[in-house]
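Visitor: Structure below; questions to follow.
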Amino acid sequence: MKFLYKYGTIIAIVVVISFFSITLDSFFTYANFSDILRSISIVTLVAIGITFSLIVDGFDLSVGSTVSLATIASASALVLHRQELFVALIVPLLLGVIVGLLNAFLIIRLRLPDLLATLAVMYIINGVQLTYTKGFSIYNDMPLPEGGTAPGKFIPSFLFIGQGELFGIPFSVLLMLFVVVCAHLFLTYTKFGRLFYMTGENREAARLTGIPVNRYRTVAYIISGLFAALGGIVLASRIGTGQVSAGASLLMDGVAAAFIGFSVFGAGKPNVIGTLLGSILIGVLLNGLTMMNVPYYAQDIIKGTILIFALALSHIVKK
């Protein structure tokens, strides 16, 4: 049982890749793995934000809607307002920070349960983006209500984030790896990273030792919103449109990846490397199932089953 707990995720990744490689001729190719890595990069960015909220004993359900908001914000800046790259990046990131601050205010100041507070924020954000777009996607040369077409377009420098490559490796994958390495080093080898874990493990004990627990919880929710917004930027760059509710499906994938990561190498706690491996497992599985023409609603059943198995295994070993 302990062996499965520590190495089950890695074994599952190897088994899934082997199975799909044998059954699908076009699975084990560079083009397909490039697509898998591009999709994994977005899920991983969102899941890392969720991981930070879990580390401080919280939970953020608003990440999916934050991804959608960031996607719409980037597309709107480029297509509707004809802005350059800097504005298309900074506006959605600032919106992600604002969402994180709103979550922190409701949870820490008003002392609402994190699940209920972030659920309410999720609905608010969805309402905001649908009100702003009137339910329509934002794309190049889109018709405007007052007549004519949108004055701007998705510029090449922005599209490079989600579609470009460096040294034959997708840029979004390099960005994901950079974020994973930085987050892992921060949480593992810095004083501040360890204080995040102390805050989540025993909030009252941390407070009595002089740790500003509310400050660390606030920063964790800001980081969660920031990474969700970054995932939204990459998503908008990859698909070349601003789609309403585009990040809805990323919530479940990000949560599954973060919780699967608990058991990687027997960590027993939220960790960035485990989250990355959880994202890889989810991404490879969904890609193979899609190539086998498994309906998307059946894929949710499989994802839920994997999440139950990971949580049950963690609970049994901890008990």
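The chains in the structure tokens are called A, B, ... from first to last as shown; in each chain the residues are counted from 1, and the ligands are counted from 1 in the order shown.
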Can you pull out the residues contacting A:Phe192? Cut-off 12 Å, using only C-alpha atoms, and skip same-chain residues under 3 positions away; I want them as a list in words.
Guide: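 My list of contacting residues is Ala183, Leu185, Phe186, Leu187, Thr188, Tyr189, Leu195, Phe196, Tyr197, Met198, Thr199, Ile211, Pro212, Val213, Arg215, Tyr216, Val219 and Ala220 of chain A.
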Visitor: Give me every strand (DSSP E) residue in stretch 69-183 of chain A, going by DSSP on the backbone, as a ChimeraX atom specification.
Guide: /A:165-166,169-170
Visitor: Report, in Å to a single decimal, how far apart atom CA of A:Ala229 and atom CA of A:Ala70 are.
Guide: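 Taking atom CA of A:Ala70 and atom CA of A:Ala229, their separation equals 5.1 Å.
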Visitor: Which residue gives the smallest distance to A:Ala75 among A:Ser137, A:Ser34, A:Ser21, A:Asn103, with only C-alpha atoms counted?
Guide: A:Ser137
Visitor: So how many Å separate atom CA of A:Leu250 and atom CA of A:Phe171, to one decimal?
Guide: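 Calculated distance between atom CA of A:Leu250 and atom CA of A:Phe171 is 19.9 Å.
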Visitor: Any idea what the distance is between atom CA of A:Ala228 and atom CA of A:Arg111?
Guide: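 So the two atoms, atom CA of A:Ala228 and atom CA of A:Arg111, lie 23.2 Å apart.
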Visitor: Check the smallest atom-to-atom distance from each of A:Ala31, A:Val79, A:Ile301, A:Gly225 to A:Pro143 using only C-alpha atoms, then report the winner.
Guide: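 Closest residue, counting only C-alpha atoms: A:Val79.
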Visitor: Which neighbours of A:Thr133 fall inside 12 Å, counting only C-alpha atoms, when residues of the same chain fewer than 3 positions from it are skipped, and could you give them as a list in words?
Guide: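 Near A:Thr133, the qualifying residues are Ser68, Leu69, Thr71, Ile72, Ala73, Ala75, Ser76, Leu80, Asn126, Gly127, Val128, Gln129, Leu130, Phe136, Ser137, Ile138, Tyr139, Leu144, Pro145, Gly242, Gln243, Val244 and Ser245 of chain A.
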Visitor: Any idea what's packed within 9 Å of A:Leu119, counting only C-alpha atoms, ignoring anything in its chain fewer than 6 positions away? Could you give it as JSON, numbers by chain?
Guide: {"A": [60, 61, 62]}
Visitor: Using only C-alpha atoms, which of the listed residues (A:Gly64, A:Gly49, A:Gly152, A:Gly278) sits closest to A:Ser249?
Guide: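 Ranked by minimum distance to A:Ser249, first place goes to A:Gly64.
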Visitor: Looking at only C-alpha atoms, which of A:Ile13, A:Ile161, A:Val255, A:Leu85 is the one that sits closest to A:Phe59?
Guide: A:Val255
Visitor: Any idea what's packed within 10 Å of A:Met292, counting only C-alpha atoms, ignoring anything in its chain fewer than 4 positions away? Could you give it as an NGL selection string?
Guide: :A and (20 or 23-24 or 286-288)
Visitor: Hey, what does DSSP flag as helix (DSSP H, G or I) within stretch 90-298 of chain A? Can you give it to me as a PyMOL selection string?
Guide: chain A and resi 90-109+114-133+156-163+171-189+191-201+203-208+213-239+248-266+272-291+296-298
Visitor: Can you pull out every residue within 12 Å of A:Glu165, counting only C-alpha atoms, but drop anything in the same chain fewer than 6 positions away, and send it as a PDB file with N, CA and C atoms, in the first residue's frame?
Guide:
ATOM      1  N   SER A  34       3.246  16.949 -28.399  1.00  0.00           N
ATOM      2  CA  SER A  34       3.311  18.405 -28.352  1.00  0.00           C
ATOM      3  C   SER A  34       1.953  18.983 -27.968  1.00  0.00           C
ATOM      4  N   LEU A  37       1.357  18.331 -24.235  1.00  0.00           N
ATOM      5  CA  LEU A  37       2.127  19.238 -23.384  1.00  0.00           C
ATOM      6  C   LEU A  37       1.534  20.642 -23.382  1.00  0.00           C
ATOM      7  N   ARG A  38       1.023  21.083 -24.527  1.00  0.00           N
ATOM      8  CA  ARG A  38       0.392  22.412 -24.571  1.00  0.00           C
ATOM      9  C   ARG A  38      -0.832  22.454 -23.658  1.00  0.00           C
ATOM     10  N   SER A 157       2.882  38.399 -31.492  1.00  0.00           N
ATOM     11  CA  SER A 157       3.642  38.263 -30.246  1.00  0.00           C
ATOM     12  C   SER A 157       2.795  37.650 -29.137  1.00  0.00           C
ATOM     13  N   LEU A 159       0.075  35.582 -29.748  1.00  0.00           N
ATOM     14  CA  LEU A 159      -0.207  34.207 -30.167  1.00  0.00           C
ATOM     15  C   LEU A 159       0.998  33.299 -29.946  1.00  0.00           C
ATOM     16  N   PHE A 171       6.486  27.053 -26.400  1.00  0.00           N
ATOM     17  CA  PHE A 171       6.829  28.098 -25.437  1.00  0.00           C
ATOM     18  C   PHE A 171       5.991  27.970 -24.164  1.00  0.00           C
ATOM     19  N   SER A 172       4.716  27.588 -24.301  1.00  0.00           N
ATOM     20  CA  SER A 172       3.860  27.443 -23.120  1.00  0.00           C
ATOM     21  C   SER A 172       4.379  26.357 -22.188  1.00  0.00           C
ATOM     22  N   VAL A 173       5.000  25.318 -22.744  1.00  0.00           N
ATOM     23  CA  VAL A 173       5.582  24.252 -21.917  1.00  0.00           C
ATOM     24  C   VAL A 173       6.803  24.774 -21.167  1.00  0.00           C
ATOM     25  N   LEU A 174       7.628  25.555 -21.855  1.00  0.00           N
ATOM     26  CA  LEU A 174       8.794  26.158 -21.192  1.00  0.00           C
ATOM     27  C   LEU A 174       8.343  27.091 -20.073  1.00  0.00           C
ATOM     28  N   LEU A 175       7.288  27.850 -20.325  1.00  0.00           N
ATOM     29  CA  LEU A 175       6.744  28.730 -19.292  1.00  0.00           C
ATOM     30  C   LEU A 175       6.252  27.918 -18.104  1.00  0.00           C
ATOM     31  N   ARG A 238      -3.521  30.323 -27.191  1.00  0.00           N
ATOM     32  CA  ARG A 238      -3.515  29.039 -27.901  1.00  0.00           C
ATOM     33  C   ARG A 238      -4.673  28.918 -28.889  1.00  0.00           C
TER      34      ARG A 238
END
